[in-house]
Amino acid sequence: MKRLAIALLLALLLAGVAGQFLLPARYDQQFRDQTDALPGGQHLLGTDELGRDRAARLLAGARVSLLLAPAASVLALVLAAVLGLSAGWFGGWWDRGVSTLIDLMISVPIFLVLITARAVLPLNVSPVTSVMITFLLLGLLGWAGSARVIRGACRTQLNSDYILRALATGCSRPRLLFVHLLPNLWPVLRTQFIVAVPAFILDEANLSLLGLGVAEPLPSLGSLLKELTHLPSSPNWLGLAAPAILLAITVCAFEFLLPPKEGSS
Amino acid sequence: MRNAILRRILSSLATLALTGLAAATLLRLAPGFDVEVSELDGRTSAETLRQMREARAGEQDIVSFYGRYLRDALQGDLGRSRSYEVPVTGLIAERLPVTLKLIAWGLAGAWACALLLALANIAFPKVELGFNLLTAVMLSVPAGLVALLILMGQRPVALGLAIALFPKLFSYSRGLFKQNAATGYALAARARGLSAASFLSRYVVWPASPALLAILGLSVNAAFGGAILLETICDLPGVGQLALQAALARDLPLLVGMTLFVGALTVSANAVTDLASLYLTRGRGRA
């Protein structure tokens, strides 16, 4: 199942990157004489109300989400790893300070923090800037949960027998950190990364639905969902529902990448 | 126990104060904070401009602004909304019942379904794959999409919140129940012929109750996040919708008030559930 999920995600990413070369139209190219067209030969998923190719927009949206959500996750993971590891490693007042910061971030609904932060930044920016701002905010604000897990894992490892034995045999602190501790924390970091990516894709979708995410004409899987409101009045259900289906498949695929314990609990 | 309660209350108050300070700092540092669109209008007189800048002068220094704000807040005055031009307390009080009702129904529905289905999964392990698929699919749907579907289907908004909260609550509950059902003493009790109802209540649910209480506190937090989306998309005039409007209008007093208020509710919920969880755990320890 895991291999299938990886293959699916790679195929989606490849389609997103190669889509702009394979499809006859760009995501922002308008066919003004073919607005709201049904799926057909030239437009696989039809066109939207502005005459833009839905398939091209879907693949461009998948590209944005699948490239930038992992990038935001890396940023969040770096922040979480630095704070969580340092808190677990140094302990004392630094640990208390970091733990308070984590509590602070977790105590307020993250979505309230996100909309506040996104709304105080300029909204009338170029589409590329809006993408950068959105995913940068997700990365900068989405580290708290991972930091708590990493801190806990770090404390557990530091109290384990192999670390005590290494210390007793005179192992230096840098060697302890880089040779013993970090390799054993790697599975935790990997899991946190896999957990963060779909969470960020969903957060971006929610922000876009409120008009605070990726700006037009650049699409993302989230911003394309808004068109679902036309579903009752449009015969092109496939073109309208495709972003929701692709989003669900993408997030599901990440769920299957989780180790069995996390996936089932 | 008394010390633990005192520590938890102090920690909650500190978290709350820091939350408000963080919100005030963020807003104060935002680009364009001390400029209003009307200032760019050439027809605005110099005197009006001076008055507008004077009105905002108290908000320039974050610490003094926030210190004054906290002092007034303790007396029940959260300031005046700049966009609505009415007291913030009144605005929140007016919209709070809508949000509390939404959250209460949403949480009740989500928890009821999550616990019942998690127990069903333990009682009937053969349907595990079905539950796995259900969870995976529901976890893949953003709350905003649920809100859109609720809006299009003209269904109760609380149903949308329950659907948005359900998958994570179900996953956590099921994980805890599975862990308890697989313990040595639970298996031994089952092997001795304990009835399914007694097994589930005494060996599966009851030992999980402290952890479930802790998750209940966190779920209140998640419910507020979901309420922002559902109220905005479904046009329900609650606190969540107000939060987005305050953020978009860069209404500093309203936004800081909202953050403090929502923070107070979620921090209190977490503190109460944590203490209840602690009480249960300690009670069992003594027994």
# chains A, B, ... in the order shown; residues from 1 in each chain; ligands from 1
call {"tool": "closest_atom_pairs", "arguments": {"of": "chain B", "to": "chain A", "cutoff": "8 Å", "atoms": "only C-alpha atoms", "output": "Markdown table"}}
result
| residue | atom | partner | partner_atom | distance |
| --- | --- | --- | --- | --- |
| B:Thr15 | CA | A:Leu104 | CA | 5.5 |
| B:Leu16 | CA | A:Leu104 | CA | 7.8 |
| B:Leu18 | CA | A:Leu104 | CA | 7.1 |
| B:Thr19 | CA | A:Leu104 | CA | 6.3 |
| B:Leu26 | CA | A:Ala117 | CA | 7.2 |
| B:Leu27 | CA | A:Val120 | CA | 6.5 |
| B:Ala30 | CA | A:Val120 | CA | 5.5 |
| B:Pro31 | CA | A:Leu121 | CA | 6.5 |
| B:Asn132 | CA | A:Ser264 | CA | 7.6 |
| B:Ala136 | CA | A:Cys252 | CA | 5.7 |
| B:Val137 | CA | A:Cys252 | CA | 6.5 |
| B:Leu139 | CA | A:Cys252 | CA | 7.6 |
| B:Ser140 | CA | A:Ala248 | CA | 4.7 |
| B:Val141 | CA | A:Ala248 | CA | 6.1 |
| B:Pro142 | CA | A:Leu202 | CA | 5.3 |
| B:Ala143 | CA | A:Asn206 | CA | 6.8 |
| B:Gly144 | CA | A:Asn206 | CA | 5.1 |
| B:Leu145 | CA | A:Leu225 | CA | 7.2 |
| B:Leu148 | CA | A:Thr229 | CA | 7.0 |
| B:Met152 | CA | A:Thr229 | CA | 6.9 |
| B:Ser171 | CA | A:Ser265 | CA | 5.3 |
| B:Tyr172 | CA | A:Ser265 | CA | 5.4 |
| B:Ser173 | CA | A:Ser265 | CA | 7.7 |
| B:Arg174 | CA | A:Ser265 | CA | 6.4 |
| B:Gly175 | CA | A:Ser265 | CA | 3.9 |
| B:Leu176 | CA | A:Ser265 | CA | 7.2 |
| B:Asn221 | CA | A:Pro109 | CA | 5.3 |
| B:Ala222 | CA | A:Pro109 | CA | 6.2 |
| B:Phe224 | CA | A:Pro109 | CA | 6.5 |
| B:Gly225 | CA | A:Phe111 | CA | 5.2 |
| B:Ile228 | CA | A:Leu112 | CA | 7.6 |
| B:Leu229 | CA | A:Asn206 | CA | 7.4 |
| B:Thr232 | CA | A:Leu210 | CA | 7.7 |
| B:Ile233 | CA | A:Leu210 | CA | 7.5 |
| B:Ala243 | CA | A:Leu112 | CA | 7.4 |
| B:Leu244 | CA | A:Ile115 | CA | 6.9 |
| B:Ala247 | CA | A:Thr116 | CA | 5.3 |
| B:Leu248 | CA | A:Ala119 | CA | 5.4 |
| B:Arg250 | CA | A:Val120 | CA | 6.5 |
| B:Thr259 | CA | A:Val108 | CA | 7.6 |
| B:Val262 | CA | A:Val108 | CA | 7.2 |
| B:Gly263 | CA | A:Val108 | CA | 5.2 |
| B:Thr266 | CA | A:Ser107 | CA | 6.5 |
| B:Val267 | CA | A:Ser107 | CA | 5.9 |
call {"tool": "atom_distance", "arguments": {"atom1": "atom CA of Leu216 of chain B", "atom2": "atom CA of Met138 of chain B"}}
result
19.5 Å
call {"tool": "atom_distance", "arguments": {"atom1": "atom CA of Ala62 of chain A", "atom2": "atom CA of Glu49 of chain A"}}
result
20.3 Å
call {"tool": "residues_around", "arguments": {"residues": "Gly20 of chain B", "least_positions_apart": "4", "cutoff": "10 Å", "atoms": "only C-alpha atoms", "output": "PDB file with all heavy atoms, in the first residue's frame"}}
result
ATOM      1  N   THR B  15      -0.321  31.690  29.698  1.00  0.00           N
ATOM      2  CA  THR B  15      -0.519  31.383  28.271  1.00  0.00           C
ATOM      3  C   THR B  15      -1.472  32.396  27.643  1.00  0.00           C
ATOM      4  O   THR B  15      -1.244  32.901  26.544  1.00  0.00           O
ATOM      5  CB  THR B  15      -1.092  29.958  28.103  1.00  0.00           C
ATOM      6  OG1 THR B  15      -0.262  29.063  28.802  1.00  0.00           O
ATOM      7  CG2 THR B  15      -1.164  29.556  26.655  1.00  0.00           C
ATOM      8  N   LEU B  16      -2.511  32.711  28.401  1.00  0.00           N
ATOM      9  CA  LEU B  16      -3.519  33.646  27.907  1.00  0.00           C
ATOM     10  C   LEU B  16      -2.940  35.051  27.698  1.00  0.00           C
ATOM     11  O   LEU B  16      -3.164  35.688  26.664  1.00  0.00           O
ATOM     12  CB  LEU B  16      -4.643  33.696  28.938  1.00  0.00           C
ATOM     13  CG  LEU B  16      -5.982  34.190  28.468  1.00  0.00           C
ATOM     14  CD1 LEU B  16      -6.461  33.366  27.307  1.00  0.00           C
ATOM     15  CD2 LEU B  16      -6.974  34.100  29.620  1.00  0.00           C
ATOM     16  N   ALA B  24      -1.348  41.241  19.666  1.00  0.00           N
ATOM     17  CA  ALA B  24      -1.146  42.688  19.577  1.00  0.00           C
ATOM     18  C   ALA B  24       0.142  43.008  18.820  1.00  0.00           C
ATOM     19  O   ALA B  24       0.184  43.911  17.973  1.00  0.00           O
ATOM     20  CB  ALA B  24      -1.091  43.278  20.984  1.00  0.00           C
ATOM     21  N   THR B  25       1.192  42.231  19.086  1.00  0.00           N
ATOM     22  CA  THR B  25       2.483  42.459  18.419  1.00  0.00           C
ATOM     23  C   THR B  25       2.366  42.222  16.921  1.00  0.00           C
ATOM     24  O   THR B  25       2.850  43.014  16.108  1.00  0.00           O
ATOM     25  CB  THR B  25       3.553  41.501  19.020  1.00  0.00           C
ATOM     26  OG1 THR B  25       3.506  41.619  20.420  1.00  0.00           O
ATOM     27  CG2 THR B  25       4.936  41.835  18.513  1.00  0.00           C
ATOM     28  N   LEU B  26       1.708  41.124  16.587  1.00  0.00           N
ATOM     29  CA  LEU B  26       1.546  40.774  15.169  1.00  0.00           C
ATOM     30  C   LEU B  26       0.827  41.887  14.414  1.00  0.00           C
ATOM     31  O   LEU B  26       1.247  42.307  13.335  1.00  0.00           O
ATOM     32  CB  LEU B  26       0.753  39.477  15.069  1.00  0.00           C
ATOM     33  CG  LEU B  26       0.568  38.886  13.684  1.00  0.00           C
ATOM     34  CD1 LEU B  26       1.883  38.391  13.147  1.00  0.00           C
ATOM     35  CD2 LEU B  26      -0.429  37.754  13.712  1.00  0.00           C
ATOM     36  N   TYR B  66      -0.829  47.217  25.129  1.00  0.00           N
ATOM     37  CA  TYR B  66      -1.327  45.947  25.636  1.00  0.00           C
ATOM     38  C   TYR B  66      -1.556  45.997  27.153  1.00  0.00           C
ATOM     39  O   TYR B  66      -2.519  45.422  27.662  1.00  0.00           O
ATOM     40  CB  TYR B  66      -0.360  44.818  25.266  1.00  0.00           C
ATOM     41  CG  TYR B  66      -0.918  43.459  25.570  1.00  0.00           C
ATOM     42  CD1 TYR B  66      -2.110  43.040  24.987  1.00  0.00           C
ATOM     43  CD2 TYR B  66      -0.298  42.613  26.463  1.00  0.00           C
ATOM     44  CE1 TYR B  66      -2.650  41.818  25.272  1.00  0.00           C
ATOM     45  CE2 TYR B  66      -0.832  41.377  26.759  1.00  0.00           C
ATOM     46  CZ  TYR B  66      -2.007  40.981  26.157  1.00  0.00           C
ATOM     47  OH  TYR B  66      -2.543  39.753  26.452  1.00  0.00           O
ATOM     48  N   TYR B  69      -4.676  47.729  27.722  1.00  0.00           N
ATOM     49  CA  TYR B  69      -5.749  46.864  27.211  1.00  0.00           C
ATOM     50  C   TYR B  69      -6.105  45.787  28.242  1.00  0.00           C
ATOM     51  O   TYR B  69      -7.278  45.542  28.521  1.00  0.00           O
ATOM     52  CB  TYR B  69      -5.289  46.221  25.900  1.00  0.00           C
ATOM     53  CG  TYR B  69      -6.365  45.428  25.234  1.00  0.00           C
ATOM     54  CD1 TYR B  69      -7.281  46.057  24.396  1.00  0.00           C
ATOM     55  CD2 TYR B  69      -6.487  44.070  25.442  1.00  0.00           C
ATOM     56  CE1 TYR B  69      -8.289  45.339  23.791  1.00  0.00           C
ATOM     57  CE2 TYR B  69      -7.483  43.351  24.848  1.00  0.00           C
ATOM     58  CZ  TYR B  69      -8.383  43.981  24.023  1.00  0.00           C
ATOM     59  OH  TYR B  69      -9.378  43.275  23.427  1.00  0.00           O
ATOM     60  N   LEU B  70      -5.058  45.168  28.817  1.00  0.00           N
ATOM     61  CA  LEU B  70      -5.290  44.096  29.794  1.00  0.00           C
ATOM     62  C   LEU B  70      -5.993  44.635  31.040  1.00  0.00           C
ATOM     63  O   LEU B  70      -6.895  43.996  31.587  1.00  0.00           O
ATOM     64  CB  LEU B  70      -3.955  43.462  30.203  1.00  0.00           C
ATOM     65  CG  LEU B  70      -3.483  42.262  29.395  1.00  0.00           C
ATOM     66  CD1 LEU B  70      -2.246  41.651  30.030  1.00  0.00           C
ATOM     67  CD2 LEU B  70      -4.566  41.183  29.303  1.00  0.00           C
ATOM     68  N   LEU B 255      -9.750  42.304  17.053  1.00  0.00           N
ATOM     69  CA  LEU B 255      -8.993  41.076  16.834  1.00  0.00           C
ATOM     70  C   LEU B 255      -8.282  40.618  18.103  1.00  0.00           C
ATOM     71  O   LEU B 255      -8.288  39.426  18.433  1.00  0.00           O
ATOM     72  CB  LEU B 255      -7.982  41.272  15.702  1.00  0.00           C
ATOM     73  CG  LEU B 255      -7.442  39.977  15.124  1.00  0.00           C
ATOM     74  CD1 LEU B 255      -8.553  39.089  14.626  1.00  0.00           C
ATOM     75  CD2 LEU B 255      -6.470  40.256  14.011  1.00  0.00           C
ATOM     76  N   VAL B 256      -7.683  41.560  18.826  1.00  0.00           N
ATOM     77  CA  VAL B 256      -7.008  41.184  20.073  1.00  0.00           C
ATOM     78  C   VAL B 256      -8.053  40.682  21.073  1.00  0.00           C
ATOM     79  O   VAL B 256      -7.836  39.677  21.764  1.00  0.00           O
ATOM     80  CB  VAL B 256      -6.199  42.370  20.652  1.00  0.00           C
ATOM     81  CG1 VAL B 256      -5.569  41.981  21.977  1.00  0.00           C
ATOM     82  CG2 VAL B 256      -5.118  42.787  19.680  1.00  0.00           C
ATOM     83  N   GLY B 257      -9.197  41.358  21.128  1.00  0.00           N
ATOM     84  CA  GLY B 257     -10.277  40.928  22.014  1.00  0.00           C
ATOM     85  C   GLY B 257     -10.745  39.530  21.673  1.00  0.00           C
ATOM     86  O   GLY B 257     -10.920  38.683  22.551  1.00  0.00           O
ATOM     87  N   MET B 258     -10.915  39.300  20.370  1.00  0.00           N
ATOM     88  CA  MET B 258     -11.364  37.981  19.907  1.00  0.00           C
ATOM     89  C   MET B 258     -10.352  36.909  20.278  1.00  0.00           C
ATOM     90  O   MET B 258     -10.709  35.832  20.749  1.00  0.00           O
ATOM     91  CB  MET B 258     -11.494  37.987  18.378  1.00  0.00           C
ATOM     92  CG  MET B 258     -12.596  38.796  17.811  1.00  0.00           C
ATOM     93  SD  MET B 258     -14.150  38.035  18.097  1.00  0.00           S
ATOM     94  CE  MET B 258     -13.779  36.412  17.562  1.00  0.00           C
ATOM     95  N   THR B 259      -9.064  37.228  20.009  1.00  0.00           N
ATOM     96  CA  THR B 259      -8.021  36.239  20.284  1.00  0.00           C
ATOM     97  C   THR B 259      -7.980  35.914  21.775  1.00  0.00           C
ATOM     98  O   THR B 259      -7.882  34.755  22.171  1.00  0.00           O
ATOM     99  CB  THR B 259      -6.643  36.770  19.828  1.00  0.00           C
ATOM    100  OG1 THR B 259      -6.794  37.311  18.526  1.00  0.00           O
ATOM    101  CG2 THR B 259      -5.600  35.695  19.823  1.00  0.00           C
ATOM    102  N   LEU B 260      -8.056  36.977  22.590  1.00  0.00           N
ATOM    103  CA  LEU B 260      -8.053  36.766  24.038  1.00  0.00           C
ATOM    104  C   LEU B 260      -9.263  35.951  24.471  1.00  0.00           C
ATOM    105  O   LEU B 260      -9.158  35.031  25.279  1.00  0.00           O
ATOM    106  CB  LEU B 260      -8.097  38.114  24.745  1.00  0.00           C
ATOM    107  CG  LEU B 260      -6.771  38.671  25.226  1.00  0.00           C
ATOM    108  CD1 LEU B 260      -6.977  40.021  25.875  1.00  0.00           C
ATOM    109  CD2 LEU B 260      -6.110  37.720  26.214  1.00  0.00           C
ATOM    110  N   PHE B 261     -10.396  36.291  23.899  1.00  0.00           N
ATOM    111  CA  PHE B 261     -11.635  35.630  24.289  1.00  0.00           C
ATOM    112  C   PHE B 261     -11.627  34.152  23.881  1.00  0.00           C
ATOM    113  O   PHE B 261     -11.894  33.267  24.703  1.00  0.00           O
ATOM    114  CB  PHE B 261     -12.823  36.348  23.654  1.00  0.00           C
ATOM    115  CG  PHE B 261     -14.128  35.810  24.123  1.00  0.00           C
ATOM    116  CD1 PHE B 261     -14.608  36.128  25.382  1.00  0.00           C
ATOM    117  CD2 PHE B 261     -14.855  34.942  23.334  1.00  0.00           C
ATOM    118  CE1 PHE B 261     -15.795  35.596  25.839  1.00  0.00           C
ATOM    119  CE2 PHE B 261     -16.039  34.415  23.777  1.00  0.00           C
ATOM    120  CZ  PHE B 261     -16.519  34.741  25.026  1.00  0.00           C
ATOM    121  N   GLY B 263      -9.016  32.458  23.080  1.00  0.00           N
ATOM    122  CA  GLY B 263      -7.917  31.849  23.840  1.00  0.00           C
ATOM    123  C   GLY B 263      -8.384  31.484  25.240  1.00  0.00           C
ATOM    124  O   GLY B 263      -8.087  30.399  25.736  1.00  0.00           O
ATOM    125  N   ALA B 264      -9.140  32.404  25.903  1.00  0.00           N
ATOM    126  CA  ALA B 264      -9.614  32.149  27.269  1.00  0.00           C
ATOM    127  C   ALA B 264     -10.509  30.916  27.297  1.00  0.00           C
ATOM    128  O   ALA B 264     -10.392  30.062  28.188  1.00  0.00           O
ATOM    129  CB  ALA B 264     -10.379  33.365  27.791  1.00  0.00           C
TER     130      ALA B 264
END
call {"tool": "residues_around", "arguments": {"residues": "segment 110-121 of chain B", "least_positions_apart": "5", "cutoff": "9 Å", "atoms": "only C-alpha atoms", "output": "list in words"}}
result
Trp105, Lys126, Val127, Glu128, Phe131, Leu159, Leu161, Ala162, Ile163, Ala164, Leu165, Phe166, Pro167, Lys168, Leu169, Phe170, Ser171, Tyr172, Ser173, Arg174, Gly175, Phe177, Lys178, Leu200, Val204, Val205 and Leu216 of chain B
call {"tool": "write_last_selection", "arguments": {"atoms": "C-alpha atoms", "output": "PDB file, in the first residue's frame"}}
result
ATOM      1  CA  TRP B 105     -23.857  20.421  18.839  1.00  0.00           C
ATOM      2  CA  LYS B 126     -13.565  -7.711  10.829  1.00  0.00           C
ATOM      3  CA  VAL B 127     -14.861  -4.335   9.656  1.00  0.00           C
ATOM      4  CA  GLU B 128     -11.486  -2.670  10.385  1.00  0.00           C
ATOM      5  CA  PHE B 131     -13.298   1.941   9.152  1.00  0.00           C
ATOM      6  CA  LEU B 159     -23.628  18.688  11.140  1.00  0.00           C
ATOM      7  CA  LEU B 161     -18.723  20.791  12.230  1.00  0.00           C
ATOM      8  CA  ALA B 162     -19.408  17.276  13.493  1.00  0.00           C
ATOM      9  CA  ILE B 163     -18.278  15.821  10.148  1.00  0.00           C
ATOM     10  CA  ALA B 164     -15.132  17.954  10.194  1.00  0.00           C
ATOM     11  CA  LEU B 165     -14.230  16.944  13.771  1.00  0.00           C
ATOM     12  CA  PHE B 166     -15.254  13.289  13.606  1.00  0.00           C
ATOM     13  CA  PRO B 167     -12.321  11.594  11.795  1.00  0.00           C
ATOM     14  CA  LYS B 168      -9.569  12.710  14.174  1.00  0.00           C
ATOM     15  CA  LEU B 169     -11.645  12.009  17.269  1.00  0.00           C
ATOM     16  CA  PHE B 170     -12.496   8.586  15.879  1.00  0.00           C
ATOM     17  CA  SER B 171      -8.836   7.837  15.101  1.00  0.00           C
ATOM     18  CA  TYR B 172      -7.652   8.834  18.571  1.00  0.00           C
ATOM     19  CA  SER B 173     -10.479   7.028  20.391  1.00  0.00           C
ATOM     20  CA  ARG B 174     -10.021   3.884  18.353  1.00  0.00           C
ATOM     21  CA  GLY B 175      -6.273   3.927  18.951  1.00  0.00           C
ATOM     22  CA  PHE B 177      -9.478   1.525  22.772  1.00  0.00           C
ATOM     23  CA  LYS B 178      -7.366  -0.862  20.700  1.00  0.00           C
ATOM     24  CA  LEU B 200     -15.844  -2.789  26.747  1.00  0.00           C
ATOM     25  CA  VAL B 204     -11.596  -0.620  27.173  1.00  0.00           C
ATOM     26  CA  VAL B 205     -13.440   2.671  27.804  1.00  0.00           C
ATOM     27  CA  LEU B 216     -11.855  16.636  24.676  1.00  0.00           C
TER      28      LEU B 216
END
call {"tool": "atom_distance", "arguments": {"atom1": "atom CA of Ala182 of chain B", "atom2": "atom CA of Ile122 of chain B"}}
result
10.1 Å
call {"tool": "residues_around", "arguments": {"residues": "segment 84-96 of chain A", "least_positions_apart": "6", "cutoff": "7 Å", "atoms": "only C-alpha atoms", "output": "number ranges by chain"}}
result
A: 147-148, 150-151, 154-155
call {"tool": "select_by_dssp", "arguments": {"residues": "segment 64-243 of chain A", "states": "helix (DSSP H, G or I)", "output": "NGL selection string"}}
result
:A and (64-90 or 92-107 or 110-120 or 127-141 or 144-158 or 161-168 or 173-209 or 221-233 or 237-243)
call {"tool": "residues_around", "arguments": {"residues": "Pro70 of chain A", "least_positions_apart": "3", "cutoff": "9 Å", "atoms": "only C-alpha atoms", "output": "MDAnalysis selection string"}}
result
chainID A and resid 65:67 73:75 193:194 196:198 200:201
call {"tool": "write_last_selection", "arguments": {"atoms": "N, CA, C and O atoms", "output": "PDB file, in the first residue's frame"}}
result
ATOM      1  N   SER A  65       0.497  22.687  -5.017  1.00  0.00           N
ATOM      2  CA  SER A  65       0.294  22.059  -3.705  1.00  0.00           C
ATOM      3  C   SER A  65       1.367  21.017  -3.402  1.00  0.00           C
ATOM      4  O   SER A  65       1.873  20.943  -2.284  1.00  0.00           O
ATOM      5  N   LEU A  66       1.720  20.219  -4.424  1.00  0.00           N
ATOM      6  CA  LEU A  66       2.656  19.125  -4.164  1.00  0.00           C
ATOM      7  C   LEU A  66       4.110  19.580  -4.073  1.00  0.00           C
ATOM      8  O   LEU A  66       4.959  18.858  -3.562  1.00  0.00           O
ATOM      9  N   LEU A  67       4.403  20.750  -4.589  1.00  0.00           N
ATOM     10  CA  LEU A  67       5.783  21.245  -4.455  1.00  0.00           C
ATOM     11  C   LEU A  67       5.934  22.112  -3.215  1.00  0.00           C
ATOM     12  O   LEU A  67       6.939  22.039  -2.504  1.00  0.00           O
ATOM     13  N   SER A  73       6.537  22.131   4.855  1.00  0.00           N
ATOM     14  CA  SER A  73       6.734  21.114   5.900  1.00  0.00           C
ATOM     15  C   SER A  73       8.195  21.044   6.320  1.00  0.00           C
ATOM     16  O   SER A  73       8.501  20.849   7.500  1.00  0.00           O
ATOM     17  N   VAL A  74       9.094  21.192   5.333  1.00  0.00           N
ATOM     18  CA  VAL A  74      10.525  21.171   5.664  1.00  0.00           C
ATOM     19  C   VAL A  74      10.837  22.343   6.592  1.00  0.00           C
ATOM     20  O   VAL A  74      11.530  22.192   7.608  1.00  0.00           O
ATOM     21  N   LEU A  75      10.287  23.525   6.254  1.00  0.00           N
ATOM     22  CA  LEU A  75      10.520  24.710   7.095  1.00  0.00           C
ATOM     23  C   LEU A  75       9.988  24.470   8.515  1.00  0.00           C
ATOM     24  O   LEU A  75      10.684  24.727   9.511  1.00  0.00           O
ATOM     25  N   PHE A 193       7.183  14.883   9.206  1.00  0.00           N
ATOM     26  CA  PHE A 193       7.142  15.480   7.868  1.00  0.00           C
ATOM     27  C   PHE A 193       5.930  14.957   7.095  1.00  0.00           C
ATOM     28  O   PHE A 193       5.168  15.735   6.502  1.00  0.00           O
ATOM     29  N   ILE A 194       5.732  13.641   7.168  1.00  0.00           N
ATOM     30  CA  ILE A 194       4.609  13.039   6.417  1.00  0.00           C
ATOM     31  C   ILE A 194       3.265  13.510   6.980  1.00  0.00           C
ATOM     32  O   ILE A 194       2.295  13.670   6.255  1.00  0.00           O
ATOM     33  N   ALA A 196       2.802  16.472   8.372  1.00  0.00           N
ATOM     34  CA  ALA A 196       2.642  17.913   8.104  1.00  0.00           C
ATOM     35  C   ALA A 196       2.198  18.207   6.669  1.00  0.00           C
ATOM     36  O   ALA A 196       1.411  19.135   6.446  1.00  0.00           O
ATOM     37  N   VAL A 197       2.710  17.440   5.692  1.00  0.00           N
ATOM     38  CA  VAL A 197       2.416  17.776   4.288  1.00  0.00           C
ATOM     39  C   VAL A 197       0.904  17.803   4.001  1.00  0.00           C
ATOM     40  O   VAL A 197       0.376  18.823   3.544  1.00  0.00           O
ATOM     41  N   PRO A 198       0.172  16.692   4.276  1.00  0.00           N
ATOM     42  CA  PRO A 198      -1.269  16.768   3.991  1.00  0.00           C
ATOM     43  C   PRO A 198      -1.994  17.813   4.838  1.00  0.00           C
ATOM     44  O   PRO A 198      -2.951  18.435   4.379  1.00  0.00           O
ATOM     45  N   PHE A 200      -0.835  20.687   5.715  1.00  0.00           N
ATOM     46  CA  PHE A 200      -0.618  21.987   5.070  1.00  0.00           C
ATOM     47  C   PHE A 200      -1.424  22.111   3.776  1.00  0.00           C
ATOM     48  O   PHE A 200      -1.907  23.188   3.447  1.00  0.00           O
ATOM     49  N   ILE A 201      -1.553  21.002   3.055  1.00  0.00           N
ATOM     50  CA  ILE A 201      -2.371  21.034   1.826  1.00  0.00           C
ATOM     51  C   ILE A 201      -3.821  21.382   2.209  1.00  0.00           C
ATOM     52  O   ILE A 201      -4.465  22.217   1.564  1.00  0.00           O
TER      53      ILE A 201
END
call {"tool": "closest_residue", "arguments": {"among": "B:Leu149, B:Leu133, B:Ala269, B:Ser195", "to": "Ser12 of chain B", "atoms": "only C-alpha atoms"}}
result
B:Ala269
call {"tool": "residues_around", "arguments": {"residues": "Glu94 of chain B", "least_positions_apart": "3", "cutoff": "10 Å", "atoms": "only C-alpha atoms", "output": "VMD selection string"}}
result
chain B and resid 88 to 91 97 to 98 237 to 239
